[in-house]
>>> print(open('model_3.csv').read())   # CSV, C-alpha atoms
chain,number,residue,atom,x,y,z
I,370,SER,CA,-22.3,163.7,8.5
I,371,VAL,CA,-25.7,162.8,7.0
I,372,PRO,CA,-27.7,162.9,10.3
I,373,THR,CA,-26.0,166.3,11.1
I,374,ILE,CA,-27.1,167.7,7.7
I,375,VAL,CA,-30.6,166.4,8.2
I,376,ALA,CA,-30.8,168.0,11.6
I,377,GLN,CA,-29.6,171.4,10.4
I,378,ALA,CA,-32.0,171.3,7.5
I,379,ALA,CA,-34.9,170.4,9.8
I,380,ASN,CA,-34.0,173.3,12.1
I,381,ALA,CA,-33.8,175.8,9.3
I,382,SER,CA,-37.1,174.4,7.8
I,383,TYR,CA,-38.9,174.9,11.1
I,384,THR,CA,-38.0,178.6,11.2
I,385,ILE,CA,-39.6,179.0,7.8
I,386,ILE,CA,-42.6,176.8,8.5
I,387,ASP,CA,-43.2,178.5,11.8
I,388,ARG,CA,-43.4,181.9,10.0
I,389,LEU,CA,-45.7,180.4,7.4
I,390,PHE,CA,-48.2,179.4,10.0
I,391,ILE,CA,-48.0,182.7,11.8
I,392,GLY,CA,-48.4,184.6,8.5
I,393,HIS,CA,-51.7,182.8,7.9
I,394,ILE,CA,-53.4,183.8,11.1
I,395,PRO,CA,-56.7,185.4,9.9
I,396,GLU,CA,-56.7,189.2,9.7
I,397,VAL,CA,-53.6,189.8,11.7
I,398,GLY,CA,-51.1,187.5,10.0
I,399,ASP,CA,-48.9,190.2,8.4
I,400,ALA,CA,-48.5,192.2,11.6
I,401,ALA,CA,-48.0,189.0,13.7
I,402,MET,CA,-45.3,187.7,11.4
I,403,THR,CA,-43.5,191.1,11.5
I,404,GLY,CA,-43.7,191.1,15.3
I,405,VAL,CA,-42.3,187.6,15.6
I,406,GLY,CA,-39.6,188.4,13.1
I,407,ILE,CA,-38.4,191.3,15.3
I,408,CYS,CA,-37.9,188.8,18.1
I,409,PHE,CA,-35.4,186.8,15.9
I,410,PRO,CA,-32.2,188.7,17.0
I,411,ILE,CA,-33.1,188.0,20.6
I,412,LEU,CA,-33.6,184.3,19.8
I,413,LEU,CA,-30.2,184.2,18.1
I,414,ALA,CA,-28.5,185.9,21.1
I,415,VAL,CA,-30.0,183.3,23.4
I,416,THR,CA,-28.7,180.4,21.2
I,417,ALA,CA,-25.3,182.1,21.0
I,418,PHE,CA,-24.9,181.6,24.8
I,419,ALA,CA,-25.7,177.9,24.3
I,420,SER,CA,-22.9,177.7,21.7
I,421,LEU,CA,-20.5,179.4,24.1
I,422,ILE,CA,-20.9,176.4,26.5
I,423,GLY,CA,-21.8,173.6,24.1
I,424,ALA,CA,-19.3,174.3,21.3
I,425,GLY,CA,-16.6,174.8,24.0
I,426,GLY,CA,-17.4,172.0,26.3
I,427,ALA,CA,-18.2,169.1,23.9
I,428,PRO,CA,-14.7,169.2,22.1
I,429,ARG,CA,-13.0,169.4,25.5
I,430,ALA,CA,-15.0,166.3,26.7
I,431,SER,CA,-14.2,164.5,23.5
I,432,ILE,CA,-10.5,165.1,24.0
I,433,GLU,CA,-10.7,163.6,27.5
I,434,LEU,CA,-12.5,160.6,26.1
I,435,GLY,CA,-9.7,160.1,23.7
I,436,ARG,CA,-7.2,160.2,26.6
I,437,GLY,CA,-9.3,157.6,28.5
I,438,ASN,CA,-10.1,160.2,31.2
I,439,PHE,CA,-13.8,159.5,31.6
I,440,LYS,CA,-14.1,161.1,35.0
I,441,LYS,CA,-12.9,164.5,33.6
I,442,ALA,CA,-15.1,164.2,30.6
I,443,ASP,CA,-18.1,163.6,32.9
I,444,ARG,CA,-17.0,166.6,35.0
I,445,ILE,CA,-16.8,168.8,31.9
I,446,LEU,CA,-20.4,167.8,31.0
I,447,GLY,CA,-21.7,168.4,34.5
I,448,THR,CA,-20.0,171.8,34.7
I,449,SER,CA,-21.4,172.8,31.3
I,450,ALA,CA,-24.9,171.8,32.4
I,451,ALA,CA,-24.6,173.9,35.6
I,452,PHE,CA,-23.4,177.0,33.6
I,453,LEU,CA,-26.1,176.5,30.9
I,454,VAL,CA,-28.8,176.6,33.6
I,455,ALA,CA,-27.2,179.7,35.3
I,456,ILE,CA,-26.9,181.5,32.0
I,457,ALA,CA,-30.5,180.6,31.1
I,458,LEU,CA,-31.9,182.0,34.4
I,459,THR,CA,-29.9,185.2,34.1
I,460,LEU,CA,-31.0,185.8,30.5
I,461,THR,CA,-34.6,185.1,31.4
I,462,VAL,CA,-34.6,187.7,34.2
I,463,ILE,CA,-32.7,190.4,32.2
I,464,LEU,CA,-34.7,190.0,28.9
I,465,GLN,CA,-38.1,189.8,30.6
I,466,ALA,CA,-37.3,193.1,32.4
I,467,THR,CA,-36.0,194.8,29.2
I,468,LYS,CA,-38.0,193.1,26.4
I,469,GLU,CA,-40.0,196.1,25.3
I,470,PRO,CA,-37.2,198.6,24.9
I,471,VAL,CA,-35.0,195.9,23.3
I,472,LEU,CA,-37.7,195.1,20.8
I,473,ARG,CA,-38.2,198.8,20.1
I,474,ALA,CA,-34.5,199.0,19.4
I,475,PHE,CA,-34.8,196.2,16.8
I,476,GLY,CA,-37.5,198.1,15.0
I,477,ALA,CA,-40.8,197.2,16.7
I,478,SER,CA,-43.6,199.7,16.1
I,479,ASP,CA,-47.0,200.4,17.8
I,480,ALA,CA,-48.6,198.2,15.1
I,481,ASN,CA,-46.6,195.0,16.0
I,482,ILE,CA,-45.1,195.5,19.4
I,483,GLY,CA,-48.0,193.6,21.0
I,484,TYR,CA,-47.3,190.5,18.9
I,485,ALA,CA,-43.6,190.7,19.6
I,486,VAL,CA,-44.1,191.0,23.3
I,487,ASP,CA,-46.7,188.2,23.4
I,488,PHE,CA,-44.3,185.9,21.6
I,489,ILE,CA,-41.0,186.7,23.4
I,490,THR,CA,-42.7,186.7,26.9
I,491,ILE,CA,-43.7,183.1,26.5
I,492,TYR,CA,-40.6,182.1,24.6
I,493,LEU,CA,-38.3,183.3,27.4
I,494,VAL,CA,-40.0,181.0,29.9
I,495,GLY,CA,-38.4,178.2,27.9
I,496,THR,CA,-35.0,179.7,27.8
I,497,VAL,CA,-33.6,177.0,30.1
I,498,PHE,CA,-34.9,174.3,27.8
I,499,VAL,CA,-33.3,176.0,24.8
I,500,GLN,CA,-30.0,176.3,26.5
I,501,LEU,CA,-30.0,172.7,27.7
I,502,THR,CA,-31.1,171.4,24.3
I,503,LEU,CA,-28.7,173.3,22.1
I,504,GLY,CA,-25.8,173.2,24.6
I,505,LEU,CA,-26.0,169.5,25.7
I,506,ASN,CA,-26.8,168.1,22.3
I,507,ASN,CA,-23.2,168.9,21.3
I,508,PHE,CA,-22.0,166.3,23.8
I,509,ILE,CA,-24.0,163.7,22.0
I,510,SER,CA,-22.5,164.6,18.7
I,511,ALA,CA,-19.0,164.6,20.3
I,512,GLN,CA,-19.5,160.9,21.0
I,513,GLY,CA,-20.1,160.2,17.3
I,514,LYS,CA,-23.8,159.4,18.1
I,515,THR,CA,-25.1,161.8,15.4
I,516,THR,CA,-28.3,159.9,14.8
I,517,ILE,CA,-29.3,160.4,18.4
I,518,ALA,CA,-28.3,164.1,18.1
I,519,MET,CA,-30.4,164.4,14.9
I,520,THR,CA,-33.4,162.9,16.8
I,521,SER,CA,-33.0,165.5,19.5
I,522,VAL,CA,-33.2,168.3,17.0
I,523,LEU,CA,-36.2,166.8,15.2
I,524,ILE,CA,-38.1,166.5,18.5
I,525,GLY,CA,-37.3,170.2,19.2
I,526,THR,CA,-38.8,171.5,16.0
I,527,GLY,CA,-42.4,171.4,17.2
I,528,ILE,CA,-43.8,171.5,13.6
I,529,ILE,CA,-46.8,169.3,14.6
I,530,LEU,CA,-47.6,171.4,17.6
I,531,ASP,CA,-47.7,174.8,15.7
I,532,PRO,CA,-51.0,174.4,13.8
I,533,VAL,CA,-52.7,172.9,16.9
I,534,PHE,CA,-51.9,175.8,19.2
I,535,ILE,CA,-52.1,178.6,16.5
I,536,PHE,CA,-55.3,177.5,14.7
I,537,VAL,CA,-57.1,174.7,16.5
I,538,LEU,CA,-56.9,176.4,19.9
I,539,GLY,CA,-56.9,179.9,18.4
I,540,TRP,CA,-53.9,181.1,20.4
I,541,GLY,CA,-52.2,182.9,17.5
I,542,VAL,CA,-48.7,184.2,18.2
I,543,LYS,CA,-48.9,183.0,21.8
I,544,GLY,CA,-49.7,179.5,20.5
I,545,ALA,CA,-46.5,179.5,18.3
I,546,ALA,CA,-44.5,180.4,21.4
I,547,VAL,CA,-46.1,177.7,23.5
I,548,ALA,CA,-45.5,175.1,20.8
I,549,ASN,CA,-41.8,176.2,20.8
I,550,VAL,CA,-41.4,175.9,24.5
I,551,ILE,CA,-43.1,172.5,24.8
I,552,ALA,CA,-41.0,171.1,21.9
I,553,GLN,CA,-37.8,172.4,23.5
I,554,LEU,CA,-38.9,170.9,26.9
I,555,ILE,CA,-39.4,167.5,25.3
I,556,SER,CA,-36.1,167.7,23.5
I,557,SER,CA,-34.2,168.7,26.6
I,558,VAL,CA,-35.7,165.9,28.6
I,559,TRP,CA,-34.8,163.4,25.8
I,560,ILE,CA,-31.2,164.7,25.8
I,561,ILE,CA,-30.8,164.7,29.6
I,562,LEU,CA,-32.2,161.1,29.9
I,563,PHE,CA,-29.8,159.9,27.2
I,564,LEU,CA,-26.7,161.6,28.7
I,565,ALA,CA,-27.6,160.2,32.1
I,566,SER,CA,-28.0,156.7,30.8
I,567,GLY,CA,-25.5,153.9,30.3
I,568,ARG,CA,-25.7,154.4,26.5
I,569,SER,CA,-23.7,157.6,26.8
I,570,ALA,CA,-19.9,157.5,26.9
I,571,ILE,CA,-20.0,160.9,28.7
I,572,ARG,CA,-22.3,160.6,31.7
I,573,LEU,CA,-24.3,163.4,33.2
I,574,ARG,CA,-24.0,162.7,36.9
I,575,PRO,CA,-25.8,164.8,39.6
I,576,SER,CA,-22.5,165.1,41.6
I,577,ASN,CA,-20.8,166.8,38.7
I,578,ILE,CA,-23.5,169.4,38.1
I,579,ARG,CA,-21.7,172.3,39.8
I,580,PHE,CA,-19.5,175.3,39.1
I,581,ASN,CA,-15.9,174.3,38.5
I,582,ARG,CA,-12.7,175.9,37.2
I,583,VAL,CA,-12.9,173.6,34.2
I,584,ILE,CA,-15.2,176.2,32.8
I,585,VAL,CA,-12.2,178.4,31.8
I,586,PRO,CA,-10.9,176.2,28.9
I,587,ILE,CA,-14.6,175.6,27.9
I,588,LEU,CA,-15.1,179.4,27.5
I,589,THR,CA,-11.9,179.9,25.7
I,590,LEU,CA,-12.8,177.3,23.1
I,591,GLY,CA,-16.5,178.4,22.8
I,592,LEU,CA,-15.7,182.1,22.6
I,593,ALA,CA,-15.2,182.2,18.8
I,594,PRO,CA,-18.5,180.7,17.8
I,595,PHE,CA,-20.2,182.8,20.4
I,596,ILE,CA,-18.7,186.1,19.1
I,597,MET,CA,-19.6,185.2,15.5
I,598,GLN,CA,-23.2,184.5,16.4
I,599,ILE,CA,-23.8,187.3,18.8
>>> encode(input="model_3.csv", output="structure tokens")
Amino acid sequence: SVPTIVAQAANASYTIIDRLFIGHIPEVGDAAMTGVGICFPILLAVTAFASLIGAGGAPRASIELGRGNFKKADRILGTSAAFLVAIALTLTVILQATKEPVLRAFGASDANIGYAVDFITIYLVGTVFVQLTLGLNNFISAQGKTTIAMTSVLIGTGIILDPVFIFVLGWGVKGAAVANVIAQLISSVWIILFLASGRSAIRLRPSNIRFNRVIVPILTLGLAPFIMQI
């Protein structure tokens, strides 16, 4: 449980630290932080879809491991990965097309809509990395390898990258979004490489990355955490 708690604490801390950096952008920090804060419900909605697949698929795969049915566990992982990518691409297209009215609905004004749009436009480019990181990391925890899962979360925080892109390069809010996307990219690559390796009890095999009817029990199990978060 300790690595899991550390990972959750690091993830929560990053949200706070990220806002601290943005709030200290010279002259426009207040408006920038407000703009990014308005994006937060969209970010939560995106992660809810990762929970739908990850929180539903990982326990199902773990059950099959307990039964000694490794092939089905691998198939559940592959199907989950396929649906995570499909959901990510769909969310990216829909939210990119509707981002301004959605942000206005969440309270964006003329004073901060520019910052909100700048942040969410870049953040949505990395939606597929967010989906894969949050969704597939569940499959690492389901094996009992919580230290590996904790490392995945720590890699994805991007705390080191934030000040570089925001202040050193002077990219402001866009820099915070770029730092987030790069961190999630690195984290997703780390997770995929682990799940595809011999160290993982549940293997991510290219032949299993396809749409399959096994998604139905995954969705039924993941529906509750999805509804609570959405």
>>> closest_residue(input="model_3.csv", among="I:Val497, I:Leu412, I:Ile560, I:Ile517", to="I:Val375", atoms="all atoms listed in the file")
I:Ile517
>>> closest_residue(input="model_3.csv", among="I:Phe563, I:Phe580, I:Phe534, I:Phe409", to="I:Ala548", atoms="all atoms listed in the file")
I:Phe534
>>> closest_residue(input="model_3.csv", among="I:Ile599, I:Ala546, I:Ile587, I:Ala450", to="I:Ala565", atoms="only C-alpha atoms")
I:Ala450
>>> atom_distance(input="model_3.csv", atom1="atom CA of I:Thr490", atom2="atom CA of I:Ser382")
23.4 Å
>>> closest_residue(input="model_3.csv", among="I:Asn481, I:Thr516, I:Trp540, I:Arg429", to="I:Gly406", atoms="only C-alpha atoms")
I:Asn481
>>> build_atoms(input="model_3.csv", residues="stretch 423-434 of chain I", atoms="all heavy atoms", output="mmCIF file, in the frame of the given file")
data_model
loop_
_atom_site.group_PDB
_atom_site.id
_atom_site.type_symbol
_atom_site.label_atom_id
_atom_site.label_comp_id
_atom_site.auth_asym_id
_atom_site.auth_seq_id
_atom_site.Cartn_x
_atom_site.Cartn_y
_atom_site.Cartn_z
ATOM 1 N N GLY I 423 -21.751 174.867 24.811
ATOM 2 C CA GLY I 423 -21.800 173.600 24.100
ATOM 3 C C GLY I 423 -20.637 173.393 23.139
ATOM 4 O O GLY I 423 -19.992 172.333 23.135
ATOM 5 N N ALA I 424 -20.353 174.418 22.334
ATOM 6 C CA ALA I 424 -19.300 174.300 21.300
ATOM 7 C C ALA I 424 -17.906 174.346 22.004
ATOM 8 O O ALA I 424 -16.907 173.947 21.395
ATOM 9 C CB ALA I 424 -19.394 175.432 20.313
ATOM 10 N N GLY I 425 -17.853 174.823 23.249
ATOM 11 C CA GLY I 425 -16.600 174.800 24.000
ATOM 12 C C GLY I 425 -16.399 173.582 24.821
ATOM 13 O O GLY I 425 -15.301 173.038 24.904
ATOM 14 N N GLY I 426 -17.501 173.109 25.423
ATOM 15 C CA GLY I 426 -17.400 172.000 26.300
ATOM 16 C C GLY I 426 -17.328 170.626 25.637
ATOM 17 O O GLY I 426 -16.560 169.743 26.064
ATOM 18 N N ALA I 427 -18.109 170.438 24.576
ATOM 19 C CA ALA I 427 -18.200 169.100 23.900
ATOM 20 C C ALA I 427 -16.795 168.701 23.339
ATOM 21 O O ALA I 427 -16.375 167.558 23.547
ATOM 22 C CB ALA I 427 -19.224 169.140 22.813
ATOM 23 N N PRO I 428 -16.070 169.572 22.630
ATOM 24 C CA PRO I 428 -14.700 169.200 22.100
ATOM 25 C C PRO I 428 -13.762 168.846 23.289
ATOM 26 O O PRO I 428 -12.959 167.923 23.183
ATOM 27 C CB PRO I 428 -14.261 170.368 21.332
ATOM 28 C CG PRO I 428 -15.507 171.086 20.943
ATOM 29 C CD PRO I 428 -16.429 170.899 22.099
ATOM 30 N N ARG I 429 -13.865 169.633 24.379
ATOM 31 C CA ARG I 429 -13.000 169.400 25.500
ATOM 32 C C ARG I 429 -13.299 167.989 26.117
ATOM 33 O O ARG I 429 -12.382 167.229 26.458
ATOM 34 C CB ARG I 429 -13.208 170.437 26.613
ATOM 35 C CG ARG I 429 -12.776 171.837 26.224
ATOM 36 C CD ARG I 429 -11.282 171.955 26.079
ATOM 37 N NE ARG I 429 -10.867 173.343 25.833
ATOM 38 C CZ ARG I 429 -9.659 173.701 25.471
ATOM 39 N NH1 ARG I 429 -8.724 172.774 25.290
ATOM 40 N NH2 ARG I 429 -9.352 174.960 25.264
ATOM 41 N N ALA I 430 -14.578 167.653 26.224
ATOM 42 C CA ALA I 430 -15.000 166.300 26.700
ATOM 43 C C ALA I 430 -14.528 165.236 25.802
ATOM 44 O O ALA I 430 -14.091 164.159 26.245
ATOM 45 C CB ALA I 430 -16.486 166.296 26.957
ATOM 46 N N SER I 431 -14.628 165.490 24.503
ATOM 47 C CA SER I 431 -14.200 164.500 23.500
ATOM 48 C C SER I 431 -12.715 164.224 23.597
ATOM 49 O O SER I 431 -12.271 163.074 23.467
ATOM 50 C CB SER I 431 -14.582 164.992 22.105
ATOM 51 O OG SER I 431 -14.326 163.995 21.143
ATOM 52 N N ILE I 432 -11.935 165.265 23.831
ATOM 53 C CA ILE I 432 -10.500 165.100 24.000
ATOM 54 C C ILE I 432 -10.179 164.211 25.193
ATOM 55 O O ILE I 432 -9.320 163.331 25.131
ATOM 56 C CB ILE I 432 -9.810 166.492 24.163
ATOM 57 C CG1 ILE I 432 -9.851 167.264 22.837
ATOM 58 C CG2 ILE I 432 -8.358 166.345 24.646
ATOM 59 C CD1 ILE I 432 -9.427 168.714 22.953
ATOM 60 N N GLU I 433 -10.906 164.450 26.295
ATOM 61 C CA GLU I 433 -10.700 163.600 27.500
ATOM 62 C C GLU I 433 -11.107 162.185 27.268
ATOM 63 O O GLU I 433 -10.486 161.265 27.814
ATOM 64 C CB GLU I 433 -11.428 164.234 28.688
ATOM 65 C CG GLU I 433 -10.942 165.621 29.096
ATOM 66 C CD GLU I 433 -9.447 165.668 29.366
ATOM 67 O OE1 GLU I 433 -8.895 164.668 29.858
ATOM 68 O OE2 GLU I 433 -8.824 166.703 29.070
ATOM 69 N N LEU I 434 -12.139 161.977 26.473
ATOM 70 C CA LEU I 434 -12.500 160.600 26.100
ATOM 71 C C LEU I 434 -11.399 159.918 25.369
ATOM 72 O O LEU I 434 -11.087 158.746 25.609
ATOM 73 C CB LEU I 434 -13.794 160.612 25.253
ATOM 74 C CG LEU I 434 -15.144 160.785 25.929
ATOM 75 C CD1 LEU I 434 -16.259 160.699 24.887
ATOM 76 C CD2 LEU I 434 -15.360 159.740 27.011
#
